[in-house]
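Novice: To start, I am sharing the structure in question, which I have written as structure tokens.
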Amino acid sequence: MKKKIKYSLIIGWLYPELMSTYGDRGNIISLSKRCEWRDIDIEIRKLEIGFKIKDLIECNILFMGGAQDKQQEIVSTDLTKDKINSISKMIENNIPGLYICGAYQLLGKYYKKADGDIIQGLKIFDIYTENLEINAKRLVGDIIINPTIDDLKSNTLVGFENHGGRTYLGNNISPLGIVTFGFGNNGIDKTEGAIYKNSFGTYFHGPILPKNPHLADLIIKKALEIKYHKIIKLIPLDDSLEFEAHNYILNKLNH
Amino acid sequence: MNSCIILICKLISIISKNLNLGNGSTWPGHIALKINKNFIKELIDSNRQLKVIIIAGTNGKTTTSSLIANIISDNGSKVLQNMSGANLLNGIASTLLLNSNINGEISAKFAIFEIDENSLSIILQFIIPHQLIFLNLFRDQLDRYGEVNSIAKKWSTTLENISSNTKIILNADDPRIAWLGMSIFIKNHAINDKSEKKIFYFGLDNPKLSIDLLQHASDSTYCPRCETKLNYKTIYYSHIGNWNCSKCNLKRPDLDTSTSLIYPLNGIYNQYNTNAAVLSAKILGIESKKINSTLKKFKPAFGRQEVIIIEGKKIQLFLSKNPTSMNQSLSTIRDLGGKHILFVLNNQIPDGRDISWIWDVDFEIYLNDSMNIYTSGDRCYDMSLRLKYLQPNIGNIITNKNIKNTIKILLNKIPDNEIIYILPTYSAMLEVRKILTGKKIL
């Protein structure tokens, strides 16, 4: 009998201590439990301030959450040119990643603050973010989108957004989905989030993955395919509770 | 004019109570302020004997208010208090007018107001408090309050103009709260120059109660002055403990009160609430003996470890409204050997619409396989989902959106001598209490 390979993955969690405000660690919990239930070995590698590049580049999935402004400044000073280049190379090489809110903005070209100051981004995503007025309304509330990519099209994505910045997509990047309820990237053009190669940027808190297990599984599947160079079919799990929580949002908002 | 306002608003309150439109705890104040925006200031100014104590903080406001109110009233002074749901400007106005006669005379000597985090600076425009107490600052309802740092900043700006007649009582163990006191001490000459002490600190000094690691939902673990990561000699919970900064040498200020002979409620968080109340009472000149006799017979405020007996069975409510309060409730229930636990998760306006905070709670430390766990409330599926993803798994969780039915099932199931612990969010707590006692609160 052919011996089954035991799959294993390393999730690189960028700045868990600083970049984790709105229950974002739920995404790490979702990814790791869904691997564990399928007997995929999982290591959660915390990449805190001062992390080594060699620890980063071994990761098969990257994750970075949102943060308070002050925390984000501390992170920016830790992201040296070499670190940025390594992350950029991983994203270009199709390493899957999930970047929430502040992290999503950080991957873009720049963030223009309400006072006109411009904070440079990592320039990996073709997006930019602006926060034009000092007292501009934050975009807060439940959100529902229809995903744009085929792998996710069978289901909506639901979550909770809470952001001041308005993000605009360039020509070299697609939205994660089209907003059917809520605000999304900027409250105007109906786009929400961004997909570049296998990297996902989004304003969804909630956290996004537990109630959207199809997105969690897509990230796991892509990570295994990149690591093991073959088509992977994940063992299906019982997601009835996940979709009860998902559908609660749809029903409440009459979707 | 205020006499007219008081008369009209008292009538409105009586009518709204009789028509069962709620108990009228914010409506009358809303109308009074519409007619006269200085209503609060004028009423307080005309009652010179009235000393106002204001309590701010994310968690523990209601318990601390209740402790102080009981101590003062047992000591022989009449006290008025706002209800915990009426903690905005209109709630304060309502409380004052309902406690005054038609001439605007208030017979109470003390008013104890717990104040919503975002309303503090507005309320201080109208009231010069005798004491201002800051309990703590944790992440809570981020969709409504914003991030912890932005509230700390607001409070700090407010304090720059505080009257030199106000005594400020601060939790020294919460770095950002302590810094409020340390930074105004540096800036404000009015506070600095007088020989009388204006700033007081409470905290804990009991390393035996220390936990080893910072909990996940810790917010203020960086030095409030230089942003370096703080060191802790002891951590009591969340980011609360004996802290110091290795870079700029800022450290926890010396404590004026660090212990009480009697702690009437379980849980470390209630030791802080008690120490805050004891320090407040001591500053008012109340003797320790009298303070302790009140503490000995203290009954918890509604929903805060309140015990309700129903069909001969004991139910205890632990209001759990944000990661820190949930962690603290669970830690206390675990230490009490709790076996039957019901989480009731709502996300109505008073709870905050965003429930992502449940993923910041360290359930795995406190729950285990031998417990019977139930979830209910509007967002029970999200709650059960959170618990499904615990590491290690904790077995079967029973999910039922209907709170009343869930409580019935639990009451039928458990033996007479065991306790049902209910952990509700704020609106869920009101619903649960209404079911259990048949009384509506707000």
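Starting from 1 in every chain, residues are counted up; chains themselves are A, B, ... following the order of the structure tokens, and ligands are numbered from 1 as listed.
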Please return, as a ChimeraX atom specification, all residues of region 20-234 of chain B that DSSP assigns to strand (DSSP E or B) on the basis of the backbone.
Specialist: /B:51-56,79-81,100,106,110-114,131-134,167-171,199-202,211,222,229,231-234
Novice: Name all residues at most 7 Å from Tyr99 (chain A) (count only C-alpha atoms; drop same-chain ones fewer than 6 positions away) and give them as number ranges by chain.
Specialist: A: 63-65, 200-202
Novice: Show me, as a PyMOL selection string, the residues that have an atom within 12 Å of region 110-117 of chain A when counting only C-alpha atoms, minus same-chain residues fewer than 4 positions from it.
Specialist: chain A and resi 69+72+102-106+121-137+164-169
Novice: My list of candidates is B:Trp359, B:Phe110, B:Tyr201, B:Tyr263. Which is closest to chain A when distances are computed with only C-alpha atoms?
Specialist: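 Looking at the shortest contact to chain A, the residue is B:Trp359.
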Novice: Write out as JSON, numbers by chain every residue belonging to chain A that has an atom at most 8 Å from any atom of chain B, counting only C-alpha atoms.
Specialist: {"A": [22, 23, 24, 25, 26, 29, 30, 33, 68, 140, 141, 160, 162, 205, 206, 207, 210, 241, 242, 244, 245]}
Novice: Generate the output file for the selected residues, C-alpha atoms, as a tab-separated table (two decimals), in the first residue's frame.
Specialist:
chain	number	residue	atom	x	y	z
A	22	TYR	CA	-10.58	42.95	16.84
A	23	GLY	CA	-10.50	39.24	17.58
A	24	ASP	CA	-8.21	38.78	14.60
A	25	ARG	CA	-6.50	35.80	16.20
A	26	GLY	CA	-9.74	33.91	15.43
A	29	ILE	CA	-7.45	29.56	15.37
A	30	SER	CA	-9.69	28.74	12.38
A	33	LYS	CA	-8.16	23.79	13.86
A	68	GLN	CA	-4.21	50.72	16.73
A	140	VAL	CA	-18.74	50.52	10.70
A	141	GLY	CA	-21.21	47.63	10.58
A	160	PHE	CA	-18.01	43.18	10.44
A	162	ASN	CA	-14.75	49.14	11.22
A	205	HIS	CA	-13.21	41.61	11.11
A	206	GLY	CA	-15.57	39.28	12.77
A	207	PRO	CA	-13.05	37.54	12.52
A	210	PRO	CA	-14.50	31.18	11.34
A	241	LEU	CA	-22.45	25.53	12.88
A	242	GLU	CA	-20.12	27.75	10.82
A	244	GLU	CA	-25.57	28.85	11.07
A	245	ALA	CA	-23.46	31.80	12.23
